[in-house]
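Down below is the structure, laid out as structure tokens.
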Amino acid sequence: MSSDEFPTERTAVVTCGLPYANGDLHIGHLRGYIGADAFSRALKTLGQRTAYVCGSDMHGTPVAVNAEKEGVDPEEFALRWHEQYSETFPKFSVEFDNYGHTHDETNTELTREIVTTLDEEGYVYEKEIKVAYDPDADQYLPDRYVEGTCPYCGSKARGDECDEGCQRHLEPGEVENPTSSITGNTAEYRERAHKFFRVSEFTDYLTEFLDGLEGTPNARNQPRQWIEDGLQDWCITRDMDWGIDYPGEGADGLVLYVWVDAPIEYIASTKQYTERVGSDAYDWEDVWKDGGDIVHVIGRDIIQHHTVFWPAMLEAAGYTAPRAVAATGFITIDGKGLSTSRNRAIWAREYLEEGFHPDLLRYYLTTTGGLQQDVDFTWEAFQEKVNGELVGTVGNFCYRSLLFAQRNYEGTPETDVSDEVEARIEGAIGEVREAVNDYSLRGIGQATTRLAQFGNEYIQRNEPWKLTDYDPEQAAQVIRDCVQLAKAIAVLFEPIAPGKAQALWEQLGEDSAVGDTGLEAALEQPPRHFDAPSELFEKLEDDRVEELTEQLEAKIDAASDDGDDDAADDAPTDADDEEAGGDADLEPLLEERISFDDFQDLDIRVGRIESAEGIEGADALARLEVDIGLETRQVVAGIKQLHDLENLPGEKCILLANMEPATLFGVESNGMILAAGEEADLLTTHGDADLGEKVR
RNA sequence: AGCGGGAUGGGAUAGCCAGGAGAUUCCGGCGGGCUCAUAACCCGCAGAUCGGUAGUUCAAAUCUACCUCCCGCUACCA
């Protein structure tokens, strides 16, 4: 692992997380692709030999299942998305040097080759595991396509995790009473031999690898604990038709797990690039086999794959380890994550349909917050960025400078740049170089904004519009400097805003592509003549933003309405006693009315607390036995701190009896005691209602 | 529950890894200037005990410990 600064003598590659061929792209996805694109452009500007590659992730169960729902072939299904992605990326100026997909020949071959190597090197073994099998549909059910009962806590659980109960990770075969989540059929377990990769053997290697890994801190820190807890070997095969067949012996009907072939696409896509441009121009083996600089930009949800499985695979197969993993934070709306399935998102398509230039979003996404920070998207913040920084600072400076220059000198005044301005531009170049080495996209963008800011200040301070009359020489000098600043802005802004940078470049009378120039071009003489400029950016009007905000809010409301299935508030786990005191502000009344039928769904009963005891380890939870006439229920309630538990037995209470069971601190809760407010004022009856009486 | 990230003037953010005069930038507020420019731009002012507590240190937003609250991840959501 080399830590010398970019640009290095080596060949580099920048990748971004593979889009999964199963749905539309939204601005959350775009953040990563745009970020990696900007980073790769910046590296190229620095003079680093580099390529930006990616590809669609075609395999995996969701694609297979969704294709089947539509009654099409998985390949056809995935290719459709693949093509849509290929068309969408350029619209955001995300320009890959190569964009392949995991089902293409290059990746298929390379994946087999690598897995074969792993096998030959003794890193793969076979183990019999129990796999759920749907006899009616005649298919095996991998991972979360099984539902059943958690063997530890009795909650409803998915095949791979007790997601609603004790949160435990479940090994295949552990879930009891398995059913297919696709068909609902009862499933059975069958013994099946699967292939495992000995990740556990790489514990020491990975620890050292992480110590030297560059990128964002979360990518280094998050896996550490996981490694300390002990790595489990990794099941790398699945019982499916869709995927890359396992290359070795004795694996009939098994394909490779999607996370095996997906990252290999990084290599395959690089290889395809070399095949297209020739190894003299760019040699993929220099990168992947000979210690190149590999930079992965990913979403922070897939850190584990890129900092544990992937480097272990690379090491085992004799490939180069990544130099950096930069894990982006998420885009949120109203502080909550985007959700594809609930349409809680701003889609790439929607943004384009609004007619906004891609560079606006590129600038917003790269300069708002640090890379690893979550960013809460609002149209107001977007507007603020656009109007304040792009229109007011960058656009305005360039426009006023070039307009002045064109009107008075028909282009660049014939004199040399002043030392002050030259030094300032060199400073900005330094900022960009530093930002790249810090993996700070915001730093790259801000170098430009700050330079434009300096320009505005410089032109204001020197007032060339006054000088033209009594000191024309000095006026020419000032404008000459401003034109140079504009040229530097075009060069430095290209990674973040390639379209606008090119437009500015052309306004300066340049006829090349600004993306092909290096940073040194920022200090080179601009063309003597150029035409009248036009405004680079347009203001976003308030009413437009209001409209967009309203649309977004409506969408978010709709998204949370059909979110009834969330099991989040199944028990009053929170019993925080507001020490702030004072007026507890009441929650607003819900606008939405429910039907009488909805009410009837609640089975609310009169009960009597038989016993109450605190739950060890929990601050707020108490275990109660409640007699509701027909039976006695065990209930967990968040009232430990708020009530004297000894006085509770004998108290009447009101119990929601058909609450779905939940397990808290290992204790099953079979109902919910009703209580009012933060202080958990218990509801009760005041007459002589019998136990078990229904509340209606 | 474990883990990761966050908490900084009215709002949004930087700085923290490599501790050093009470702290960045943007928006907003107040006052002024300019008129080349997209009612843009420039200057100045007001405003923060840097989530809490304790500790290390001559010195802490920055390091350590504990705590509170928010967001997320936990092996197929960027």
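Ordered as shown in the structure tokens, chains take letters A, B, and onward, while each chain numbers its residues from 1 and ligands are numbered from 1 in the order shown.
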
May I have the residues of chain A within 8 Å of chain B, counting only C-alpha atoms (C1' of nucleotides), written as a PyMOL selection string? chain A and resi 17+28-32+60-62+169+218+221-222+225+258+298-301+304+328+330+335-336+339+368-369+373+384-385+388+391-392+396-397+399-401+404+456-457+460-461+464-465+535+538-539+665

Those residues you just picked out, can you put them in a file as a PDB file, in the first residue's frame with C-alpha atoms?
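Listing of out12.pdb after writing:
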ATOM      1  CA  GLY A  17     -20.821   0.816  -6.485  1.00  0.00           C
ATOM      2  CA  GLY A  28     -29.193   8.930  -3.530  1.00  0.00           C
ATOM      3  CA  HIS A  29     -27.637   6.616  -6.062  1.00  0.00           C
ATOM      4  CA  LEU A  30     -26.515   9.563  -8.099  1.00  0.00           C
ATOM      5  CA  ARG A  31     -24.503  10.944  -5.249  1.00  0.00           C
ATOM      6  CA  GLY A  32     -22.090   8.051  -5.497  1.00  0.00           C
ATOM      7  CA  GLY A  60     -29.105 -12.132  -7.502  1.00  0.00           C
ATOM      8  CA  THR A  61     -32.454 -13.238  -6.219  1.00  0.00           C
ATOM      9  CA  PRO A  62     -34.413  -9.989  -6.513  1.00  0.00           C
ATOM     10  CA  HIS A 169     -28.309 -13.272  12.291  1.00  0.00           C
ATOM     11  CA  ASN A 218     -16.109   5.059   8.331  1.00  0.00           C
ATOM     12  CA  ASN A 221     -13.611   1.840  11.352  1.00  0.00           C
ATOM     13  CA  GLN A 222     -16.791  -0.004  10.664  1.00  0.00           C
ATOM     14  CA  GLN A 225     -15.227  -4.583  15.215  1.00  0.00           C
ATOM     15  CA  VAL A 258     -24.062 -12.183  -6.441  1.00  0.00           C
ATOM     16  CA  ILE A 298     -19.452   3.207  -2.538  1.00  0.00           C
ATOM     17  CA  GLY A 299     -22.506   3.788  -0.408  1.00  0.00           C
ATOM     18  CA  ARG A 300     -21.793   3.277   3.222  1.00  0.00           C
ATOM     19  CA  ASP A 301     -24.217   0.345   3.367  1.00  0.00           C
ATOM     20  CA  GLN A 304     -18.520  -4.643   4.649  1.00  0.00           C
ATOM     21  CA  THR A 328     -20.658   8.203   0.939  1.00  0.00           C
ATOM     22  CA  PHE A 330     -26.970   8.839   2.410  1.00  0.00           C
ATOM     23  CA  GLY A 335     -34.132  13.226   7.982  1.00  0.00           C
ATOM     24  CA  LYS A 336     -35.211   9.779   6.866  1.00  0.00           C
ATOM     25  CA  SER A 339     -37.072   4.271  -0.028  1.00  0.00           C
ATOM     26  CA  THR A 368     -23.103  19.886   0.583  1.00  0.00           C
ATOM     27  CA  GLY A 369     -21.587  18.300   3.647  1.00  0.00           C
ATOM     28  CA  GLN A 373     -22.056  12.810   5.922  1.00  0.00           C
ATOM     29  CA  GLU A 384     -29.601  28.426  -1.952  1.00  0.00           C
ATOM     30  CA  LYS A 385     -26.593  26.697  -3.430  1.00  0.00           C
ATOM     31  CA  GLY A 388     -25.856  31.995  -3.920  1.00  0.00           C
ATOM     32  CA  VAL A 391     -25.281  32.270  -9.922  1.00  0.00           C
ATOM     33  CA  GLY A 392     -24.047  34.934  -7.525  1.00  0.00           C
ATOM     34  CA  ASN A 396     -21.626  36.363 -11.978  1.00  0.00           C
ATOM     35  CA  PHE A 397     -17.898  36.761 -11.744  1.00  0.00           C
ATOM     36  CA  TYR A 399     -19.997  36.892 -16.826  1.00  0.00           C
ATOM     37  CA  ARG A 400     -19.056  40.357 -15.634  1.00  0.00           C
ATOM     38  CA  SER A 401     -15.383  39.732 -16.346  1.00  0.00           C
ATOM     39  CA  PHE A 404     -16.192  43.733 -19.671  1.00  0.00           C
ATOM     40  CA  ASN A 456     -15.432  39.371  -7.273  1.00  0.00           C
ATOM     41  CA  GLU A 457     -13.524  40.986  -4.489  1.00  0.00           C
ATOM     42  CA  GLN A 460     -14.575  45.360  -6.833  1.00  0.00           C
ATOM     43  CA  ARG A 461     -11.423  46.493  -5.106  1.00  0.00           C
ATOM     44  CA  PRO A 464     -11.773  48.819 -13.603  1.00  0.00           C
ATOM     45  CA  TRP A 465     -14.916  50.600 -14.800  1.00  0.00           C
ATOM     46  CA  GLU A 535     -24.830  33.877 -18.381  1.00  0.00           C
ATOM     47  CA  GLU A 538     -29.823  31.050 -14.031  1.00  0.00           C
ATOM     48  CA  LYS A 539     -31.503  31.840 -10.782  1.00  0.00           C
ATOM     49  CA  PHE A 665     -34.463  -8.120  25.936  1.00  0.00           C
TER      50      PHE A 665
END

Neighbouring residues of region 436-445 of chain A were defined as those with any atom within 7 Å, considering only C-alpha atoms (C1' of nucleotides); residues of the same chain fewer than 2 positions away were excluded. Please report them as a ChimeraX atom specification. /A:5-6,35,39,215,366-368,370-371,432-434,447-449,493,496

Pick out the residues sitting within 12 Å of U53 (chain B), and hand them over as a list in words; count only C-alpha atoms (C1' of nucleotides), and ignore anything fewer than 2 positions along from it in its own chain.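 Skipping anything fewer than 2 positions along the chain leaves G51, G55, A65, C66, C67 and U68 of chain B.
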
If you run DSSP on this backbone, which residues of region 161-256 of chain A come out as alpha helix (DSSP H), and could you give them as a PDB file with C-alpha atoms, in the first residue's frame?
ATOM      1  CA  THR A 203      -8.170 -11.959   9.722  1.00  0.00           C
ATOM      2  CA  ASP A 204      -4.603 -10.772  10.118  1.00  0.00           C
ATOM      3  CA  TYR A 205      -4.296  -9.702   6.531  1.00  0.00           C
ATOM      4  CA  LEU A 206      -7.464  -7.643   6.697  1.00  0.00           C
ATOM      5  CA  THR A 207      -6.489  -5.979   9.941  1.00  0.00           C
ATOM      6  CA  GLU A 208      -3.311  -4.777   8.342  1.00  0.00           C
ATOM      7  CA  PHE A 209      -5.109  -3.878   5.152  1.00  0.00           C
ATOM      8  CA  LEU A 210      -7.512  -1.650   7.032  1.00  0.00           C
ATOM      9  CA  ASP A 211      -4.666   0.140   8.777  1.00  0.00           C
ATOM     10  CA  GLY A 212      -3.346   1.317   5.460  1.00  0.00           C
ATOM     11  CA  PRO A 217     -12.868   7.003   8.135  1.00  0.00           C
ATOM     12  CA  ASN A 218     -16.109   5.059   8.331  1.00  0.00           C
ATOM     13  CA  ALA A 219     -14.829   2.581   5.772  1.00  0.00           C
ATOM     14  CA  ARG A 220     -11.867   1.857   8.006  1.00  0.00           C
ATOM     15  CA  ASN A 221     -13.611   1.840  11.352  1.00  0.00           C
ATOM     16  CA  GLN A 222     -16.791  -0.004  10.664  1.00  0.00           C
ATOM     17  CA  PRO A 223     -15.231  -3.354   9.689  1.00  0.00           C
ATOM     18  CA  ARG A 224     -12.797  -3.444  12.587  1.00  0.00           C
ATOM     19  CA  GLN A 225     -15.227  -4.583  15.215  1.00  0.00           C
ATOM     20  CA  TRP A 226     -16.616  -7.081  12.849  1.00  0.00           C
ATOM     21  CA  ILE A 227     -13.209  -8.592  12.337  1.00  0.00           C
ATOM     22  CA  GLU A 228     -12.496  -8.594  16.062  1.00  0.00           C
TER      23      GLU A 228
END

May I have all residues of region 32-64 of chain A that DSSP, computed from the backbone, assigns to strand (DSSP E or B), given as JSON, numbers by chain? {"A": [49, 50, 51, 52, 53, 54, 55, 56, 57]}

Please, could you write that set of residues out with N, CA, C and O atoms as a PDB file, in the first residue's frame?
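Below is the file out.pdb, written as the result:
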ATOM      1  N   ARG A  49      -2.813   9.060 -14.594  1.00  0.00           N
ATOM      2  CA  ARG A  49      -3.378   8.145 -15.586  1.00  0.00           C
ATOM      3  C   ARG A  49      -4.449   7.317 -14.874  1.00  0.00           C
ATOM      4  O   ARG A  49      -4.157   6.596 -13.914  1.00  0.00           O
ATOM      5  N   THR A  50      -5.659   7.458 -15.323  1.00  0.00           N
ATOM      6  CA  THR A  50      -6.733   6.802 -14.597  1.00  0.00           C
ATOM      7  C   THR A  50      -7.905   6.473 -15.502  1.00  0.00           C
ATOM      8  O   THR A  50      -8.028   6.997 -16.599  1.00  0.00           O
ATOM      9  N   ALA A  51      -8.757   5.580 -15.028  1.00  0.00           N
ATOM     10  CA  ALA A  51      -9.982   5.248 -15.752  1.00  0.00           C
ATOM     11  C   ALA A  51     -11.117   5.188 -14.742  1.00  0.00           C
ATOM     12  O   ALA A  51     -10.897   4.917 -13.565  1.00  0.00           O
ATOM     13  N   TYR A  52     -12.297   5.473 -15.226  1.00  0.00           N
ATOM     14  CA  TYR A  52     -13.486   5.419 -14.374  1.00  0.00           C
ATOM     15  C   TYR A  52     -14.396   4.332 -14.941  1.00  0.00           C
ATOM     16  O   TYR A  52     -14.859   4.450 -16.069  1.00  0.00           O
ATOM     17  N   VAL A  53     -14.572   3.278 -14.193  1.00  0.00           N
ATOM     18  CA  VAL A  53     -15.336   2.143 -14.724  1.00  0.00           C
ATOM     19  C   VAL A  53     -16.436   1.708 -13.755  1.00  0.00           C
ATOM     20  O   VAL A  53     -16.366   1.948 -12.557  1.00  0.00           O
ATOM     21  N   CYS A  54     -17.402   1.071 -14.329  1.00  0.00           N
ATOM     22  CA  CYS A  54     -18.512   0.571 -13.536  1.00  0.00           C
ATOM     23  C   CYS A  54     -19.280  -0.423 -14.405  1.00  0.00           C
ATOM     24  O   CYS A  54     -18.871  -0.750 -15.529  1.00  0.00           O
ATOM     25  N   GLY A  55     -20.391  -0.892 -13.922  1.00  0.00           N
ATOM     26  CA  GLY A  55     -21.218  -1.810 -14.696  1.00  0.00           C
ATOM     27  C   GLY A  55     -22.470  -2.139 -13.912  1.00  0.00           C
ATOM     28  O   GLY A  55     -22.555  -1.852 -12.717  1.00  0.00           O
ATOM     29  N   SER A  56     -23.444  -2.689 -14.578  1.00  0.00           N
ATOM     30  CA  SER A  56     -24.684  -3.036 -13.892  1.00  0.00           C
ATOM     31  C   SER A  56     -24.548  -4.386 -13.200  1.00  0.00           C
ATOM     32  O   SER A  56     -23.937  -5.307 -13.726  1.00  0.00           O
ATOM     33  N   ASP A  57     -25.142  -4.470 -12.039  1.00  0.00           N
ATOM     34  CA  ASP A  57     -25.143  -5.706 -11.266  1.00  0.00           C
ATOM     35  C   ASP A  57     -26.409  -6.480 -11.640  1.00  0.00           C
ATOM     36  O   ASP A  57     -27.512  -6.073 -11.299  1.00  0.00           O
TER      37      ASP A  57
END

Can you work out the spacing between CA of Thr116 (chain A) and CA of Tyr246 (chain A) in Å, to one decimal?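 So the two atoms, CA of Thr116 (chain A) and CA of Tyr246 (chain A), lie 8.9 Å apart.
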
Pairwise distance for C1' of A48 (chain B) and CA of Thr393 (chain A), rounded to one decimal in Å: 27.1 Å

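Proximity to G31 (chain B) at 12 Å, evaluated using only C-alpha atoms (C1' of nucleotides) and with sequence-adjacent residues fewer than 6 positions away removed, yields C43, G44, C45 and A46 of chain B.
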
Find the spatial neighbours of G19 (chain B), counting only C-alpha atoms (C1' of nucleotides), within a cut-off of 12 Å - ignore same-chain residues fewer than 4 positions away - and output them as a list in words.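 The residues satisfying every condition are U56, U57, A59, A60, A61, U62 and C63 of chain B.
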
Could you pull the residues within 10 Å of Leu691 (chain A), counting only C-alpha atoms (C1' of nucleotides), minus those fewer than 3 positions along the same chain, as a list of chain:residue names?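 Neighbouring residues, sequence-local ones excluded: A:Arg605, A:Val606, A:Gly607, A:Arg608, A:Val626, A:Asp627, A:Ile628, A:Gly629, A:Leu630, A:Glu631, A:Lys652, A:Cys653, A:Ile654, A:Asp688, A:Lys694.
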